[in-house]
Structure formats: C-alpha cells, structure tokens
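Structure file model.cif (mmCIF, C-alpha atoms) follows.
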```
data_coords
#
loop_
_atom_site.group_PDB
_atom_site.id
_atom_site.type_symbol
_atom_site.label_atom_id
_atom_site.label_comp_id
_atom_site.auth_asym_id
_atom_site.auth_seq_id
_atom_site.Cartn_x
_atom_site.Cartn_y
_atom_site.Cartn_z
ATOM 1 C CA MET G 300 11.812 -23.104 -86.262
ATOM 2 C CA HIS G 301 10.555 -19.636 -85.309
ATOM 3 C CA ALA G 302 7.793 -21.186 -83.180
ATOM 4 C CA LYS G 303 10.315 -23.209 -81.203
ATOM 5 C CA ASP G 304 12.497 -20.117 -80.616
ATOM 6 C CA SER G 305 9.532 -18.078 -79.381
ATOM 7 C CA ASP G 306 8.498 -20.833 -76.979
ATOM 8 C CA ALA G 307 12.028 -20.992 -75.579
ATOM 9 C CA LEU G 308 12.145 -17.232 -75.089
ATOM 10 C CA LEU G 309 8.804 -17.225 -73.211
ATOM 11 C CA GLU G 310 9.981 -20.058 -70.994
ATOM 12 C CA ASN G 311 13.226 -18.206 -70.158
ATOM 13 C CA ALA G 312 11.300 -15.010 -69.420
ATOM 14 C CA SER G 313 8.971 -16.844 -67.083
ATOM 15 C CA ARG G 314 11.926 -18.396 -65.334
ATOM 16 C CA SER G 315 13.633 -15.001 -64.927
ATOM 17 C CA THR G 316 10.552 -13.462 -63.318
ATOM 18 C CA ASP G 317 9.918 -16.330 -60.894
ATOM 19 C CA PRO G 318 12.649 -15.300 -58.374
ATOM 20 C CA GLN G 319 11.291 -11.736 -58.147
ATOM 21 C CA THR G 320 7.827 -13.088 -57.527
ATOM 22 C CA GLU G 321 9.172 -15.379 -54.861
ATOM 23 C CA LEU G 322 10.993 -12.468 -53.173
ATOM 24 C CA ASN G 323 7.835 -10.361 -53.149
ATOM 25 C CA ALA G 324 5.887 -13.264 -51.689
ATOM 26 C CA ASN G 325 8.517 -13.824 -49.013
ATOM 27 C CA ALA G 326 8.507 -10.111 -48.134
ATOM 28 C CA ALA G 327 4.738 -10.153 -47.822
ATOM 29 C CA ASP G 328 4.945 -13.200 -45.573
ATOM 30 C CA ILE G 329 7.546 -11.466 -43.389
ATOM 31 C CA GLU G 330 5.386 -8.344 -43.099
ATOM 32 C CA ASP G 331 2.353 -10.455 -42.207
ATOM 33 C CA GLY G 332 4.426 -12.291 -39.615
ATOM 34 C CA ALA G 333 5.692 -9.022 -38.121
ATOM 35 C CA GLU G 334 2.154 -7.642 -37.907
ATOM 36 C CA THR G 335 1.026 -10.862 -36.267
ATOM 37 C CA ASP G 336 3.889 -10.732 -33.759
ATOM 38 C CA SER G 337 3.220 -7.063 -32.918
ATOM 39 C CA SER G 338 -0.497 -7.705 -32.477
ATOM 40 C CA ALA G 339 0.302 -10.712 -30.301
ATOM 41 C CA GLU G 340 2.632 -8.581 -28.166
ATOM 42 C CA ASP G 341 -0.062 -5.900 -27.805
ATOM 43 C CA ASP G 342 -2.606 -8.517 -26.763
ATOM 44 C CA THR G 343 -0.139 -9.960 -24.247
ATOM 45 C CA SER G 344 0.614 -6.540 -22.747
ATOM 46 C CA GLU G 345 -3.090 -5.723 -22.496
ATOM 47 C CA GLN G 346 -3.808 -9.025 -20.785
ATOM 48 C CA GLN G 347 -0.874 -8.463 -18.445
ATOM 49 C CA GLU G 348 -2.052 -4.947 -17.640
ATOM 50 C CA HIS G 349 -5.557 -6.186 -16.907
ATOM 51 C CA SER G 350 -4.332 -9.001 -14.652
ATOM 52 C CA TRP G 351 -1.859 -6.803 -12.774
ATOM 53 C CA GLY G 352 -4.398 -4.031 -12.235
ATOM 54 C CA SER G 353 -6.642 -6.339 -10.180
ATOM 55 C CA LEU G 354 -3.886 -7.505 -7.828
ATOM 56 C CA PRO G 355 -4.446 -6.876 -4.106
ATOM 57 C CA ALA G 356 -1.871 -5.097 -1.954
ATOM 58 C CA GLU G 357 1.013 -7.261 -0.759
ATOM 59 C CA ARG G 358 2.858 -4.847 1.542
ATOM 60 C CA HIS G 359 1.136 -2.723 4.170
ATOM 61 C CA GLN G 360 2.284 0.217 6.264
ATOM 62 C CA LEU G 361 0.547 2.280 8.918
ATOM 63 C CA ILE G 362 0.044 5.970 8.135
ATOM 64 C CA ARG G 363 -1.050 8.825 10.387
ATOM 65 C CA LEU G 364 -3.108 11.793 9.209
ATOM 66 C CA SER G 365 -2.513 14.652 11.634
ATOM 67 C CA PRO G 366 -5.493 16.584 12.995
ATOM 68 C CA LEU G 367 -6.000 19.890 11.205
ATOM 69 C CA PRO G 368 -8.257 22.895 11.811
ATOM 70 C CA ALA G 369 -11.774 22.583 10.459
ATOM 71 C CA ASP G 370 -12.242 23.666 6.859
ATOM 72 C CA ARG G 371 -15.251 25.563 5.559
ATOM 73 C CA GLU G 372 -15.809 23.123 2.671
ATOM 74 C CA THR G 373 -14.476 19.793 3.925
ATOM 75 C CA GLY G 374 -15.595 20.209 7.561
ATOM 76 C CA LEU G 375 -13.804 18.654 10.513
ATOM 77 C CA ARG G 376 -10.364 17.135 9.973
ATOM 78 C CA PRO G 377 -9.656 14.920 12.978
ATOM 79 C CA LEU G 378 -6.773 12.561 13.671
ATOM 80 C CA LEU G 379 -6.974 9.508 11.397
ATOM 81 C CA PHE G 380 -5.013 6.310 10.970
ATOM 82 C CA GLY G 381 -4.933 4.225 7.831
ATOM 83 C CA THR G 382 -3.118 1.537 5.877
ATOM 84 C CA LEU G 383 -0.929 2.152 2.864
ATOM 85 C CA GLY G 384 -0.927 -0.862 0.529
ATOM 86 C CA ARG G 385 1.597 -1.553 -2.221
ATOM 87 C CA VAL G 386 1.975 -4.136 -4.964
ATOM 88 C CA SER G 387 4.428 -4.103 -7.879
ATOM 89 C CA ARG G 388 5.158 -6.325 -10.856
ATOM 90 C CA HIS G 389 7.928 -6.381 -13.482
ATOM 91 C CA SER G 390 8.466 -7.938 -16.898
ATOM 92 C CA ASP G 391 10.746 -7.342 -19.859
ATOM 93 C CA SER G 392 8.255 -4.978 -21.504
ATOM 94 C CA GLN G 393 6.650 -3.168 -18.576
ATOM 95 C CA SER G 394 6.511 -2.575 -14.827
ATOM 96 C CA MET G 395 3.620 -1.647 -12.555
ATOM 97 C CA LEU G 396 3.150 -0.104 -9.103
ATOM 98 C CA LYS G 397 -0.228 0.097 -7.389
ATOM 99 C CA LEU G 398 -0.798 2.193 -4.260
ATOM 100 C CA THR G 399 -3.958 2.106 -2.137
ATOM 101 C CA VAL G 400 -4.934 3.854 1.098
ATOM 102 C CA ASP G 401 -7.583 2.473 3.445
ATOM 103 C CA LEU G 402 -8.575 4.611 6.419
ATOM 104 C CA THR G 403 -9.905 3.233 9.683
ATOM 105 C CA ASN G 404 -13.707 3.249 9.964
ATOM 106 C CA GLN G 405 -13.998 4.889 6.546
ATOM 107 C CA LYS G 406 -14.956 2.999 3.409
ATOM 108 C CA ALA G 407 -13.700 4.751 0.281
ATOM 109 C CA GLY G 408 -15.717 4.558 -2.923
ATOM 110 C CA LYS G 409 -14.661 2.739 -6.055
ATOM 111 C CA GLY G 410 -11.575 4.285 -7.631
ATOM 112 C CA LEU G 411 -10.816 6.509 -4.634
ATOM 113 C CA ASN G 412 -7.431 6.517 -2.879
ATOM 114 C CA GLN G 413 -5.921 4.355 -5.612
ATOM 115 C CA LEU G 414 -2.998 5.214 -7.874
ATOM 116 C CA GLU G 415 -1.359 3.032 -10.513
ATOM 117 C CA VAL G 416 1.916 3.698 -12.346
ATOM 118 C CA TRP G 417 2.640 1.778 -15.550
ATOM 119 C CA VAL G 418 6.126 1.863 -17.102
ATOM 120 C CA ASN G 419 6.518 0.841 -20.748
ATOM 121 C CA HIS G 420 10.148 -0.160 -21.297
ATOM 122 C CA ASP G 421 9.782 -0.437 -25.081
ATOM 123 C CA SER G 422 8.604 3.148 -25.584
ATOM 124 C CA LYS G 423 10.226 4.394 -22.350
ATOM 125 C CA GLU G 424 7.014 6.053 -21.233
ATOM 126 C CA ILE G 425 5.295 6.309 -17.845
ATOM 127 C CA ARG G 426 1.541 6.417 -17.453
ATOM 128 C CA PHE G 427 -0.518 7.247 -14.365
ATOM 129 C CA LEU G 428 -3.873 5.565 -13.788
ATOM 130 C CA PRO G 429 -6.840 5.606 -13.323
ATOM 131 C CA GLU G 430 -7.470 7.396 -16.608
ATOM 132 C CA GLU G 431 -10.767 8.854 -15.390
ATOM 133 C CA GLY G 432 -8.885 10.789 -12.715
ATOM 134 C CA PHE G 433 -6.950 10.262 -9.502
ATOM 135 C CA ARG G 434 -9.160 11.172 -6.535
ATOM 136 C CA THR G 435 -8.671 10.975 -2.777
ATOM 137 C CA GLU G 436 -11.048 10.911 0.177
ATOM 138 C CA PRO G 437 -11.106 12.687 2.607
ATOM 139 C CA ALA G 438 -10.198 15.736 0.581
ATOM 140 C CA ASN G 439 -7.788 18.455 1.641
ATOM 141 C CA ARG G 440 -5.705 16.131 3.835
ATOM 142 C CA GLY G 441 -2.594 15.805 1.629
ATOM 143 C CA LEU G 442 -3.292 12.267 0.408
ATOM 144 C CA GLY G 443 -2.845 13.142 -3.268
ATOM 145 C CA ARG G 444 0.641 14.632 -2.899
ATOM 146 C CA PHE G 445 1.617 11.810 -0.563
ATOM 147 C CA MET G 446 0.747 9.034 -3.022
ATOM 148 C CA ILE G 447 2.242 10.847 -6.036
ATOM 149 C CA ALA G 448 5.496 11.385 -4.126
ATOM 150 C CA LEU G 449 5.732 7.674 -3.272
ATOM 151 C CA ALA G 450 5.099 6.767 -6.912
ATOM 152 C CA ALA G 451 7.798 9.221 -8.019
ATOM 153 C CA ARG G 452 10.296 7.640 -5.628
ATOM 154 C CA TRP G 453 9.579 4.228 -7.114
ATOM 155 C CA VAL G 454 9.903 5.468 -10.706
ATOM 156 C CA ARG G 455 13.075 7.501 -10.213
ATOM 157 C CA ARG G 456 15.049 4.539 -8.912
ATOM 158 C CA LYS G 457 15.580 3.077 -12.398
ATOM 159 C CA TRP G 458 13.569 5.045 -14.963
ATOM 160 C CA ALA G 459 14.180 8.691 -14.140
ATOM 161 C CA HIS G 460 14.911 9.476 -17.819
ATOM 162 C CA TYR G 461 11.595 8.085 -19.092
ATOM 163 C CA THR G 462 8.956 10.462 -20.436
ATOM 164 C CA VAL G 463 5.591 10.931 -18.724
ATOM 165 C CA GLN G 464 2.350 10.732 -20.653
ATOM 166 C CA SER G 465 -0.043 13.621 -20.141
ATOM 167 C CA THR G 466 -3.172 12.933 -18.111
ATOM 168 C CA PRO G 467 -6.503 14.721 -18.735
ATOM 169 C CA LEU G 468 -8.065 16.616 -15.846
ATOM 170 C CA LEU G 469 -11.847 16.823 -16.038
ATOM 171 C CA LEU G 470 -13.965 19.412 -14.287
ATOM 172 C CA LYS G 471 -16.536 16.825 -13.164
ATOM 173 C CA HIS G 472 -14.020 15.395 -10.681
ATOM 174 C CA VAL G 473 -13.861 18.668 -8.687
ATOM 175 C CA PRO G 474 -17.154 19.841 -7.140
ATOM 176 C CA THR G 475 -16.126 23.469 -6.532
ATOM 177 C CA ASP G 476 -13.692 26.017 -7.867
ATOM 178 C CA ASN G 477 -11.717 25.923 -4.626
ATOM 179 C CA ALA G 478 -11.310 22.158 -5.017
ATOM 180 C CA ARG G 479 -10.001 22.713 -8.549
ATOM 181 C CA LEU G 480 -7.482 25.251 -7.272
ATOM 182 C CA ARG G 481 -6.338 22.845 -4.542
ATOM 183 C CA ARG G 482 -5.930 20.078 -7.143
ATOM 184 C CA ASP G 483 -3.889 22.273 -9.477
ATOM 185 C CA TYR G 484 -1.716 23.518 -6.620
ATOM 186 C CA ALA G 485 -1.002 19.977 -5.406
ATOM 187 C CA LEU G 486 -0.025 18.803 -8.910
ATOM 188 C CA GLN G 487 2.177 21.825 -9.529
ATOM 189 C CA ALA G 488 3.823 21.397 -6.136
ATOM 190 C CA GLN G 489 4.809 17.861 -7.196
ATOM 191 C CA GLY G 490 6.435 19.119 -10.405
ATOM 192 C CA PHE G 491 3.614 18.684 -12.923
ATOM 193 C CA THR G 492 2.470 21.309 -15.409
ATOM 194 C CA VAL G 493 -1.268 22.010 -15.558
ATOM 195 C CA ALA G 494 -2.371 23.535 -18.861
ATOM 196 C CA TYR G 495 -5.990 24.382 -19.692
ATOM 197 C CA GLU G 496 -7.295 23.811 -23.207
ATOM 198 C CA ASP G 497 -9.941 26.524 -23.127
ATOM 199 C CA GLY G 498 -10.521 29.902 -21.567
ATOM 200 C CA VAL G 499 -13.333 28.774 -19.286
ATOM 201 C CA GLN G 500 -11.051 26.143 -17.680
ATOM 202 C CA MET G 501 -13.355 23.220 -18.333
ATOM 203 C CA ARG G 502 -10.635 20.766 -19.387
ATOM 204 C CA ALA G 503 -6.934 20.622 -18.615
ATOM 205 C CA ASN G 504 -3.928 18.369 -19.114
ATOM 206 C CA CYS G 505 -1.390 17.401 -16.489
ATOM 207 C CA SER G 506 2.090 16.618 -17.795
ATOM 208 C CA ALA G 507 5.758 16.377 -16.894
ATOM 209 C CA PRO G 508 8.639 16.138 -19.402
ATOM 210 C CA ARG G 509 10.649 13.534 -17.509
ATOM 211 C CA ALA G 510 10.116 11.332 -14.491
ATOM 212 C CA ASN G 511 13.028 12.965 -12.668
ATOM 213 C CA GLN G 512 11.107 16.248 -12.600
ATOM 214 C CA ILE G 513 8.342 14.814 -10.394
ATOM 215 C CA HIS G 514 9.057 15.683 -6.777
ATOM 216 C CA THR G 515 9.439 12.928 -4.206
ATOM 217 C CA ASP G 516 8.574 14.955 -1.088
ATOM 218 C CA TRP G 517 5.246 15.763 0.555
ATOM 219 C CA ASN G 518 3.944 17.654 3.577
ATOM 220 C CA SER G 519 5.084 15.350 6.365
ATOM 221 C CA GLU G 520 3.244 17.483 8.912
ATOM 222 C CA LYS G 521 -0.036 16.272 7.412
ATOM 223 C CA ILE G 522 0.792 12.615 6.665
ATOM 224 C CA ARG G 523 3.470 10.440 8.182
ATOM 225 C CA ILE G 524 4.398 6.799 7.628
ATOM 226 C CA ILE G 525 4.716 4.979 10.935
ATOM 227 C CA GLU G 526 7.370 2.277 10.913
ATOM 228 C CA THR G 527 7.100 -1.024 12.779
ATOM 229 C CA ASN G 528 9.220 0.013 15.783
ATOM 230 C CA GLU G 529 7.311 3.248 16.157
ATOM 231 C CA THR G 530 4.046 1.351 15.842
ATOM 232 C CA ALA G 531 5.083 -0.932 18.719
ATOM 233 C CA GLU G 532 5.959 2.107 20.845
ATOM 234 C CA ILE G 533 2.599 3.714 20.066
ATOM 235 C CA LEU G 534 0.755 0.518 21.012
ATOM 236 C CA GLN G 535 2.716 0.181 24.258
ATOM 237 C CA SER G 536 2.062 3.814 25.134
ATOM 238 C CA ALA G 537 -1.629 3.438 24.287
ATOM 239 C CA ASP G 538 -1.854 0.275 26.402
ATOM 240 C CA LYS G 539 -0.160 2.034 29.326
ATOM 241 C CA ASN G 540 -2.482 5.023 29.022
ATOM 242 C CA LEU G 541 -5.454 2.670 28.832
ATOM 243 C CA HIS G 542 -4.473 0.936 32.077
ATOM 244 C CA GLU G 543 -3.929 4.300 33.771
ATOM 245 C CA GLN G 544 -7.310 5.524 32.612
ATOM 246 C CA GLU G 545 -8.955 2.306 33.796
ATOM 247 C CA SER G 546 -7.361 2.799 37.221
ATOM 248 C CA GLN G 547 -8.550 6.402 37.353
ATOM 249 C CA ILE G 548 -12.040 5.385 36.256
ATOM 250 C CA LYS G 549 -12.130 2.708 38.968
ATOM 251 C CA LYS G 550 -11.123 5.234 41.636
ATOM 252 C CA LEU G 551 -13.682 7.732 40.410
ATOM 253 C CA THR G 552 -16.366 5.040 40.334
ATOM 254 C CA GLU G 553 -15.595 4.088 43.922
ATOM 255 C CA ARG G 554 -15.699 7.759 44.929
ATOM 256 C CA VAL G 555 -19.060 8.228 43.211
ATOM 257 C CA GLU G 556 -20.467 5.136 44.955
ATOM 258 C CA PHE G 557 -19.246 6.426 48.327
ATOM 259 C CA LEU G 558 -20.819 9.818 47.703
ATOM 260 C CA GLN G 559 -24.055 8.141 46.661
ATOM 261 C CA ARG G 560 -24.156 6.159 49.916
ATOM 262 C CA ASP G 561 -23.349 9.300 51.873
ATOM 263 C CA ASP G 562 -26.044 11.149 49.954
ATOM 264 C CA ASN G 563 -28.624 8.488 50.824
ATOM 265 C CA THR G 564 -27.649 8.712 54.489
ATOM 266 C CA LEU G 565 -28.008 12.494 54.461
ATOM 267 C CA ARG G 566 -31.378 12.267 52.734
ATOM 268 C CA PHE G 567 -32.640 9.810 55.371
ATOM 269 C CA THR G 568 -31.399 12.052 58.157
ATOM 270 C CA ILE G 569 -33.030 15.137 56.654
ATOM 271 C CA THR G 570 -36.283 13.250 56.160
ATOM 272 C CA MET G 571 -36.309 12.125 59.793
ATOM 273 C CA LEU G 572 -35.593 15.679 60.978
ATOM 274 C CA VAL G 573 -38.448 17.016 58.890
ATOM 275 C CA VAL G 574 -40.816 14.386 60.277
ATOM 276 C CA PHE G 575 -39.719 15.124 63.853
ATOM 277 C CA ALA G 576 -40.100 18.870 63.296
ATOM 278 C CA VAL G 577 -43.609 18.427 61.930
ATOM 279 C CA PHE G 578 -44.529 16.149 64.835
ATOM 280 C CA GLN G 579 -43.153 18.615 67.365
ATOM 281 C CA ALA G 580 -44.992 21.500 65.740
ATOM 282 C CA ALA G 581 -48.247 19.555 65.783
ATOM 283 C CA LEU G 582 -47.694 18.667 69.450
ATOM 284 C CA LEU G 583 -47.075 22.303 70.382
ATOM 285 C CA ILE G 584 -50.220 23.381 68.529
ATOM 286 C CA TRP G 585 -52.272 20.720 70.293
ATOM 287 C CA MET G 586 -50.921 21.756 73.715
ATOM 288 C CA ALA G 587 -51.642 25.407 72.977
ATOM 289 C CA THR G 588 -55.243 24.739 71.966
ATOM 290 C CA ARG G 589 -55.893 22.710 75.135
#
```

Starting from the coordinates I provided, produce the structure as structure tokens.
Amino acid sequence: MHAKDSDALLENASRSTDPQTELNANAADIEDGAETDSSAEDDTSEQQEHSWGSLPAERHQLIRLSPLPADRETGLRPLLFGTLGRVSRHSDSQSMLKLTVDLTNQKAGKGLNQLEVWVNHDSKEIRFLPEEGFRTEPANRGLGRFMIALAARWVRRKWAHYTVQSTPLLLKHVPTDNARLRRDYALQAQGFTVAYEDGVQMRANCSAPRANQIHTDWNSEKIRIIETNETAEILQSADKNLHEQESQIKKLTERVEFLQRDDNTLRFTITMLVVFAVFQAALLIWMATR
C-alpha cells in the first residue's frame, strides 16, 4: 500500500514540473528565434549597404570651380568644370546618399571626391563614409565643405533630430600641418567639433550632436552649381565667342598672308637693286681703269 502511494506521489510531482519545463523550453526557443531574426536583419542590412555603396550616380549636375590665386602648397588653381553625381536609396531600416565629383581632364584616385551618408532609422543615427577618411582632390578648392553641405541639406529634410556618429581623423590623410589646419577649419565651419585624443595631435575625432547642427551653406564664390538654363546660356555664349574668334583668326590669317606676299615682293625688289648697284659699281671701276 505504501509503495503504491509513493509511486502516485512521484507521478504527480513529475506532472507538476512538466509545465515549468515546457515554459523554459518555449522561452529558450523564443530567445533563439529572436537572436536568429536579429542576426538575419544585420546580415540583410550589411548586404544592402554593400550593394548600395557600389551604385553609380543617377543624377548629374555641372559645377564650376572659380579660378583662385596660386597657393604655395597646392600650386596653380585655375578655372575648372566638373560633374556632381548623386544617387540615393531608401528602405524601412535605412537610407543612403552618395555624392561624387568628377572634374574635367582630371582623374581622381580611388576614394577621392566621394562622400556617403548612411541613415539608420532603427537607432536614429547618421554615419558618414568612407571610414578611412573623406578626401578631395584638388585640395584647397572648397570641395569638402561643398559636398558636406549638400549631404547636410539631404539629411535635414527628414532626419534633423538624428544623432551623428563620430568619425576618426587620421594624420596620414593630411601631408602637412597646414593641410591639417585647413581640414579642421573646414569641418568646424560646417558645424562639426574636432577633438584631439592626444597632445601631439596625431589622432582626432570629428563629431556633431545632431544632424540639424551641420551647416548647409558653403563658399559659393569658390564652387557654384550651374543649372540647366544657365548651362545652355554658357554654351550659347561660348559658341558665339568661338565663331567671333574664328572670324578674327581668319582676318588675321589673311592679313599675315598679304604681308608675306608683300614681304616677298620687297625682298625681290631689294635683291634686284643690290644686283644693279653691284653691276653699276663694277662698270664704273672698269671704265675708270681703262
């Protein structure tokens, strides 16, 4: 009788503990599923970031870099024209803007004149790429402030309250101390804070608390976007000037040809006079000796 009662008690105890075990198992399954979903979302965002980063520009605009006085470090700074390229993408989790600048008759190196802005809507953070440093060529022409200002305009339309991730600034990206000072001044002029981590100023961080604190203006006297109508006017004016110059060159060419013919005539006349003078002198000498 006691054996039967003990068996019944053990069976009831096992039954009472089964629901708790099932709950723990279900919780573990839910946690595993959540980790799987989060890892899948991370993989999807990374794949999306990689695919978007290789997109070519879809919209192009003509830009004009004004001629500036020669600089001791960067040399001559002549008038330049280039193309500003843009491409943007959006999803529920993130948005991306990519800006590129291609100058006429100048081939920029890999990673130069290229700025990417990534917006994470889940964490409400903004990140500037490339991570190894944003560099422009030619230097000291205002390209950096120009591209940052355009990116700030794009960000502040909808995500002005998002935070901005800090970006490291490495010394290897600036060849001289003057270049470092120009870089820091340009970033600070656009609203960023440049803070050095050591006393020798080998490494610094560039940061801004919110996207609305990044300035959207640049030095328009150095760089100007030329709209389509203005581009047509410039082309018409250039074509008119070209025809006028061709007409002037034609007139000058005809004048030069006329002067060349006149010069040949004068040379022939002078040659004949010299020959006649020599002949007359020889004749006079011969008559005098006779």

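When the PyMOL selection byres ((chain G and resi 357) around 6) is evaluated on the file shown here, the picked residues come out as Ala356, Arg358, Arg385 and Val386 of chain G.
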
So that I can see what lies close to Asn518 of chain G, please list as a VMD selection string the residues with an atom at most 8 Å from it, counting only C-alpha atoms and leaving out residues fewer than 4 positions away in the same chain. chain G and resid 441 444 to 445 522

For the selection you just gave me, I'd like the residues written to a file as a CSV table (one decimal), in the frame of the given file, keeping C-alpha atoms.
```
chain,number,residue,atom,x,y,z
G,441,GLY,CA,-2.6,15.8,1.6
G,444,ARG,CA,0.6,14.6,-2.9
G,445,PHE,CA,1.6,11.8,-0.6
G,522,ILE,CA,0.8,12.6,6.7
```

Of the residues G:Ser353, G:Ser387, G:Gln489, G:Asn419, which is the one nearest to Tyr461 of chain G, using only C-alpha atoms? G:Asn419

Let me know the residues the PyMOL selection byres ((chain G and resi 361) around 6) catches in the file above, as a ChimeraX atom specification. /G:360,362,381-382,525

If you apply the PyMOL selection byres ((chain G and resi 495-499) around 12) to this file, what residues do you get, as a list in words?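 For this structure, the PyMOL selection byres ((chain G and resi 495-499) around 12) captures Thr466, Pro467, Leu468, Leu469, Leu470, Asp476, Arg479, Asp483, Thr492, Val493, Ala494, Gln500, Met501, Arg502, Ala503, Asn504, Cys505 and Ser506 of chain G.
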
Using all atoms listed in the file, which of the listed residues (G:Leu534, G:Ala488, G:Leu558, G:Val463) sits closest to Trp517 of chain G?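 The shortest atom-to-atom distance to Trp517 of chain G comes from G:Ala488.
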
Out of G:Val573, G:Ile548, G:Ala450, G:Ala438, which residue has the shortest atom-to-atom distance to Glu372 of chain G when counting all atoms listed in the file? G:Ala438

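Atom CA of Leu582 of chain G is positioned 25.5 Å from atom CA of Leu565 of chain G.
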